[in-house]
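To be precise, the following lines are work.tsv, and they hold TSV, C-alpha atoms.
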```tsv
chain	number	residue	atom	x	y	z
M	1	MET	CA	172.58	47.30	-25.22
M	2	SER	CA	175.99	48.99	-25.06
M	3	THR	CA	176.89	51.60	-22.45
M	4	GLN	CA	176.98	54.25	-25.20
M	5	GLU	CA	173.43	53.39	-26.24
M	6	LEU	CA	172.12	53.16	-22.67
M	7	ILE	CA	173.50	56.55	-21.68
M	8	ALA	CA	172.31	58.08	-24.97
M	9	LYS	CA	168.77	56.85	-24.31
M	10	ASP	CA	168.95	58.10	-20.71
M	11	LEU	CA	170.11	61.60	-21.68
M	12	LEU	CA	167.48	61.91	-24.40
M	13	ALA	CA	164.72	60.72	-22.06
M	14	ILE	CA	165.40	63.48	-19.51
M	15	LYS	CA	166.26	66.08	-22.20
M	16	ALA	CA	169.77	66.52	-20.84
M	17	VAL	CA	170.70	66.37	-24.52
M	18	PHE	CA	167.89	67.89	-26.54
M	19	PHE	CA	167.85	68.21	-30.33
M	20	ARG	CA	166.07	71.02	-32.17
M	21	PRO	CA	167.46	70.99	-35.72
M	22	ASN	CA	164.67	73.14	-37.16
M	23	GLU	CA	164.81	75.83	-34.44
M	24	PRO	CA	168.49	76.07	-33.51
M	25	PHE	CA	169.67	77.28	-30.14
M	26	THR	CA	172.16	80.16	-29.99
M	27	TRP	CA	175.31	79.59	-27.94
M	28	ALA	CA	177.00	82.38	-25.99
M	29	SER	CA	179.57	82.52	-28.81
M	30	GLY	CA	176.77	83.31	-31.28
M	31	ILE	CA	177.01	79.94	-33.01
M	32	LYS	CA	173.69	78.38	-34.00
M	33	SER	CA	173.39	74.86	-32.63
M	34	PRO	CA	170.82	72.11	-33.24
M	35	VAL	CA	171.55	70.65	-29.81
M	36	TYR	CA	171.19	71.81	-26.21
M	37	CYS	CA	173.12	70.03	-23.46
M	38	ASP	CA	172.45	70.27	-19.73
M	39	ASN	CA	173.92	67.24	-18.01
M	40	ARG	CA	173.13	68.79	-14.62
M	41	LEU	CA	169.66	67.34	-15.15
M	42	ILE	CA	171.20	63.91	-14.53
M	43	LEU	CA	171.45	64.74	-10.84
M	44	THR	CA	167.68	65.27	-10.57
M	45	ALA	CA	166.81	61.97	-12.29
M	46	PRO	CA	167.78	59.16	-9.87
M	47	ASP	CA	167.44	56.25	-12.32
M	48	VAL	CA	169.59	57.98	-14.92
M	49	ARG	CA	172.02	59.17	-12.26
M	50	ILE	CA	172.58	55.56	-11.14
M	51	ASP	CA	173.31	54.50	-14.74
M	52	VAL	CA	175.72	57.39	-15.31
M	53	GLU	CA	177.66	57.12	-12.05
M	54	ASN	CA	178.00	53.34	-12.32
M	55	ALA	CA	179.23	53.77	-15.90
M	56	ILE	CA	181.79	56.36	-14.81
M	57	ALA	CA	183.04	54.06	-12.04
M	58	GLN	CA	183.15	51.06	-14.38
M	59	THR	CA	185.07	53.09	-16.98
M	60	ILE	CA	187.63	54.18	-14.42
M	61	ARG	CA	188.08	50.58	-13.22
M	62	HIS	CA	188.50	49.29	-16.77
M	63	GLU	CA	190.42	52.09	-18.49
M	64	TYR	CA	192.40	53.54	-15.59
M	65	PRO	CA	192.91	50.75	-13.03
M	66	GLU	CA	195.85	52.56	-11.39
M	67	THR	CA	193.70	55.56	-10.37
M	68	GLN	CA	194.47	56.90	-6.90
M	69	VAL	CA	192.36	60.10	-6.87
M	70	VAL	CA	189.28	61.20	-8.83
M	71	MET	CA	189.18	64.91	-9.68
M	72	GLY	CA	186.07	66.72	-10.91
M	73	THR	CA	185.93	69.81	-13.08
M	74	SER	CA	184.27	72.88	-11.61
M	75	THR	CA	181.39	72.98	-11.37
M	76	ALA	CA	179.54	70.41	-13.46
M	77	GLY	CA	181.97	67.56	-12.89
M	78	ILE	CA	182.13	67.83	-9.10
M	79	ALA	CA	179.02	65.85	-8.16
M	80	HIS	CA	179.74	63.11	-10.70
M	81	ALA	CA	183.33	62.79	-9.48
M	82	ALA	CA	182.15	62.61	-5.86
M	83	ILE	CA	179.59	59.88	-6.50
M	84	ALA	CA	181.93	57.83	-8.69
M	85	ALA	CA	184.73	58.14	-6.14
M	86	HIS	CA	182.32	56.94	-3.45
M	87	ILE	CA	181.46	53.86	-5.54
M	88	LEU	CA	185.17	53.20	-6.09
M	89	ASP	CA	186.15	53.98	-2.47
M	90	LEU	CA	188.73	56.50	-3.71
M	91	PRO	CA	189.69	60.02	-2.59
M	92	MET	CA	188.06	62.85	-4.51
M	93	GLY	CA	188.74	66.52	-5.12
M	94	TYR	CA	188.05	69.14	-7.73
M	95	VAL	CA	189.77	71.89	-9.69
M	96	ARG	CA	188.43	75.43	-9.72
M	97	SER	CA	188.35	77.49	-12.91
M	98	GLY	CA	190.76	79.86	-11.14
M	99	ALA	CA	192.50	80.19	-7.79
M	100	LYS	CA	190.46	81.62	-4.92
M	101	ASP	CA	191.22	85.25	-4.05
M	102	HIS	CA	191.01	84.57	-0.31
M	103	GLY	CA	191.99	82.01	2.32
M	104	ARG	CA	194.65	79.61	1.03
M	105	GLN	CA	193.98	80.72	-2.56
M	106	ASN	CA	193.55	77.12	-3.69
M	107	GLN	CA	192.73	76.17	-7.23
M	108	ILE	CA	192.87	72.45	-6.45
M	109	GLU	CA	190.50	71.48	-3.64
M	110	GLY	CA	191.19	68.28	-1.74
M	111	ARG	CA	194.45	66.59	-0.82
M	112	LEU	CA	196.77	65.91	-3.73
M	113	GLU	CA	200.28	64.53	-3.37
M	114	PRO	CA	202.90	64.90	-6.14
M	115	GLY	CA	203.06	61.77	-8.27
M	116	GLN	CA	199.53	60.59	-7.53
M	117	LYS	CA	197.66	59.07	-10.46
M	118	ILE	CA	194.57	61.11	-11.30
M	119	VAL	CA	191.47	60.69	-13.45
M	120	VAL	CA	189.49	63.81	-14.33
M	121	VAL	CA	185.68	63.57	-14.51
M	122	GLU	CA	183.98	66.04	-16.86
M	123	ASP	CA	180.32	66.25	-17.84
M	124	LEU	CA	180.68	67.56	-21.40
M	125	ILE	CA	183.48	68.10	-23.92
M	126	SER	CA	183.02	70.31	-26.97
M	127	THR	CA	186.23	72.11	-28.00
M	128	GLY	CA	188.13	70.67	-25.03
M	129	GLY	CA	189.63	73.91	-23.77
M	130	SER	CA	188.31	73.92	-20.21
M	131	VAL	CA	189.11	70.30	-19.38
M	132	ILE	CA	192.64	70.63	-20.78
M	133	GLU	CA	193.15	73.62	-18.46
M	134	VAL	CA	192.19	71.35	-15.56
M	135	VAL	CA	194.63	68.68	-16.74
M	136	ASN	CA	197.42	71.28	-16.97
M	137	VAL	CA	196.72	72.59	-13.46
M	138	LEU	CA	196.97	69.05	-12.08
M	139	ARG	CA	200.13	68.33	-14.03
M	140	ASP	CA	201.70	71.57	-12.81
M	141	ALA	CA	200.92	70.40	-9.25
M	142	GLY	CA	202.91	67.22	-9.89
M	143	ALA	CA	200.04	64.81	-10.54
M	144	GLU	CA	200.16	62.09	-13.16
M	145	VAL	CA	196.94	62.53	-15.13
M	146	LEU	CA	195.96	59.14	-16.51
M	147	GLY	CA	193.10	60.59	-18.52
M	148	ILE	CA	189.53	61.88	-18.56
M	149	VAL	CA	186.13	60.26	-18.23
M	150	SER	CA	183.40	62.45	-19.72
M	151	ILE	CA	179.69	61.80	-19.88
M	152	PHE	CA	179.19	63.23	-23.37
M	153	THR	CA	181.44	64.52	-26.13
M	154	TYR	CA	180.58	66.22	-29.39
M	155	GLY	CA	183.57	64.70	-31.18
M	156	MET	CA	184.38	68.06	-32.78
M	157	LYS	CA	187.68	68.11	-34.65
M	158	LYS	CA	188.97	71.06	-32.62
M	159	GLY	CA	188.32	69.20	-29.38
M	160	LEU	CA	189.90	65.96	-30.63
M	161	ASP	CA	192.97	67.86	-31.88
M	162	ARG	CA	193.38	69.70	-28.58
M	163	LEU	CA	193.19	66.49	-26.57
M	164	ALA	CA	195.77	64.88	-28.85
M	165	GLU	CA	198.10	67.88	-28.59
M	166	ALA	CA	197.82	67.81	-24.79
M	167	ASN	CA	198.56	64.05	-24.86
M	168	VAL	CA	195.52	63.25	-22.76
M	169	LYS	CA	193.19	60.29	-23.21
M	170	ASN	CA	189.43	60.81	-23.00
M	171	ILE	CA	186.81	58.09	-22.68
M	172	SER	CA	183.23	59.31	-23.06
M	173	LEU	CA	180.21	57.34	-21.88
M	174	THR	CA	178.41	58.39	-25.06
M	175	ASN	CA	178.93	60.77	-27.96
M	176	PHE	CA	177.20	63.02	-30.45
M	177	ASP	CA	177.04	60.46	-33.25
M	178	CYS	CA	175.51	57.78	-31.03
M	179	ILE	CA	172.93	60.15	-29.57
M	180	ALA	CA	171.99	61.46	-33.02
M	181	LYS	CA	171.39	57.91	-34.25
M	182	ILE	CA	169.35	56.94	-31.17
M	183	ALA	CA	167.37	60.19	-31.43
M	184	ALA	CA	166.41	59.30	-35.01
M	185	ASP	CA	165.72	55.65	-34.22
M	186	ASP	CA	163.50	56.52	-31.25
M	187	GLY	CA	161.57	59.29	-32.99
M	188	TYR	CA	162.97	62.38	-31.26
M	189	ILE	CA	164.06	63.70	-34.67
M	190	SER	CA	163.53	62.57	-38.26
M	191	PRO	CA	166.20	60.44	-39.97
M	192	SER	CA	166.82	63.30	-42.41
M	193	ASP	CA	167.82	65.54	-39.51
M	194	VAL	CA	170.86	63.40	-38.70
M	195	GLN	CA	172.82	64.87	-41.62
M	196	LYS	CA	172.15	68.39	-40.28
M	197	LEU	CA	173.46	67.35	-36.89
M	198	LEU	CA	176.60	65.78	-38.31
M	199	ALA	CA	177.21	68.83	-40.52
M	200	PHE	CA	177.07	71.00	-37.40
M	201	ARG	CA	179.41	68.63	-35.57
M	202	ASP	CA	181.94	68.70	-38.41
M	203	ASN	CA	182.01	72.50	-38.66
M	204	PRO	CA	180.03	74.45	-36.03
M	205	SER	CA	180.85	77.82	-37.63
M	206	ASP	CA	179.26	76.80	-40.96
M	207	GLU	CA	175.51	77.40	-40.66
M	208	SER	CA	174.63	76.19	-44.16
M	209	TRP	CA	172.77	73.19	-42.64
M	210	ILE	CA	170.08	75.52	-41.24
M	211	GLY	CA	166.88	75.42	-43.26
M	212	LYS	CA	167.87	72.41	-45.34
```

How does the structure come out when it is put into structure tokens?
Amino acid sequence: MSTQELIAKDLLAIKAVFFRPNEPFTWASGIKSPVYCDNRLILTAPDVRIDVENAIAQTIRHEYPETQVVMGTSTAGIAHAAIAAHILDLPMGYVRSGAKDHGRQNQIEGRLEPGQKIVVVEDLISTGGSVIEVVNVLRDAGAEVLGIVSIFTYGMKKGLDRLAEANVKNISLTNFDCIAKIAADDGYISPSDVQKLLAFRDNPSDESWIGK
């Protein structure tokens, strides 16, 4: 079994990624979605957590062997970055969504020296906006961002385009297409639902898949 398949099965088993194509969820943006993602549930499922953190560490070793510091995104990426950094015996920090309004007014927490090679750990990538902001903050601080390791990505065109424009590499443990296939194969959804899911992935603002 590949890492993509293992992590897909894990996330489905704990309903960290949960499909409901016939009763869509509504995102804060108002978009109707056949999928709900809450990768924070990984932290409360020890067996799955071990799989995920070992996969993050292995991905960093393989894809970014020059890594000197692991940086998590705030807040969902922090715990995963900390555990993976512990496995790798590397320093760890995290990037806030904005600078603090008190104390030292840090946005980057943890020691970071200019020129250090960084990998960003993110739990979920959809349109890519928030993780690219983190990458830009680190670059502005003088870090060399080698890339991102994310647990799950939708593979939406907008997100892929943004990552390409920012010239940042992302390696995801699993992705929307893999999870949709596993969900159908393992009986979480019907095979006919996969086309609805992929239609949503290709164009989230087009709701014509609903009710089909």

> Any idea what's packed within 10 Å of region 84-99 of chain M, counting all atoms listed in the file, ignoring anything in its chain fewer than 5 positions away? Could you give it as JSON, numbers by chain?
Replying inline: {"M": [50, 52, 53, 54, 55, 56, 57, 58, 60, 61, 67, 68, 69, 70, 71, 72, 73, 74, 75, 77, 78, 79, 104, 105, 106, 107, 108, 109, 110, 111, 112, 118, 119, 120, 121, 130, 131, 133, 134, 135, 137, 138]}

>> When you look at Asp38 (chain M) with a cut-off of 9 Å (counting all atoms listed in the file), what residues show up, excluding the ones that are within fewer than 3 positions of it in the same chain? I need them as number ranges by chain.
In response: M: 15-18, 41-42, 124

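You can rank M:Asp123, M:Glu66, M:Glu144, M:Glu5 by their closest distance to Ala180 (chain M) using all atoms listed in the file, and at the top of that list sits M:Glu5.
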
>> Report, in Å to a single decimal, how far apart CA of Ser190 (chain M) and CA of Glu122 (chain M) are.
In response: 29.8 Å

Can you pull out every residue within 10 Å of Asp206 (chain M), counting only C-alpha atoms, but drop anything in the same chain fewer than 6 positions away, and send it as a PDB file with C-alpha atoms, keeping the file's coordinate frame?
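Writing done, so here's result39.pdb:
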```pdb
ATOM      1  CA  ILE M  31     177.010  79.940 -33.010  1.00  0.00           C
ATOM      2  CA  LYS M  32     173.690  78.380 -34.000  1.00  0.00           C
ATOM      3  CA  ALA M 199     177.210  68.830 -40.520  1.00  0.00           C
ATOM      4  CA  PHE M 200     177.070  71.000 -37.400  1.00  0.00           C
TER       5      PHE M 200
END
```

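Across the model, the gap from CA of Gln116 (chain M) to CA of Ala143 (chain M) is 5.2 Å.
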
Let me have the centre and edge lengths in Å, one decimal, of the box along x, y and z around every listed atom of region 160-170 of chain M with 6 Å of margin on each side, as JSON.
```
{"center_x": 194.0, "center_y": 65.0, "center_z": -27.3, "size_x": 21.1, "size_y": 21.4, "size_z": 21.1}
```

>> So, with all atoms listed in the file as the atoms that count, which of M:Ala81, M:Tyr188, M:Pro24, M:Ser2 lies closest to Trp209 (chain M)?
In response: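 Among the listed residues, M:Pro24 lies closest to Trp209 (chain M).
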
> With all atoms listed in the file as the basis for distance, which of M:Ala141, M:Leu198, M:Leu160, M:Ile210 is at the shortest distance from Ile179 (chain M)?
Replying inline: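 The answer is M:Leu198, which sits nearest to Ile179 (chain M).
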
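Excluding Phe19 (chain M) itself and any same-chain residue fewer than 3 positions from it, the protein and nucleic acid residues within 8 Å of it, counting all atoms listed in the file, are Pro34, Val35, Tyr36, Tyr188 and Ile189 of chain M.
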
> What is the distance, in Å and to one decimal place, between CA of Glu113 (chain M) and CA of Leu146 (chain M)?
Replying inline: 14.8 Å

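Each of M:Ile182, M:Leu173, M:Cys37, M:Ile14 was compared to Glu63 (chain M) using all atoms listed in the file, and M:Leu173 turns out to be the nearest.
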
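Considering all atoms listed in the file, the residue among M:Ser33, M:Ser150, M:Thr127, M:Asn175 positioned nearest to Leu163 (chain M) is M:Thr127.
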
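Shortest atom-to-atom contact with Ile132 (chain M) among M:Lys157, M:Arg49, M:Lys117, M:Arg162: M:Arg162, counting only C-alpha atoms.
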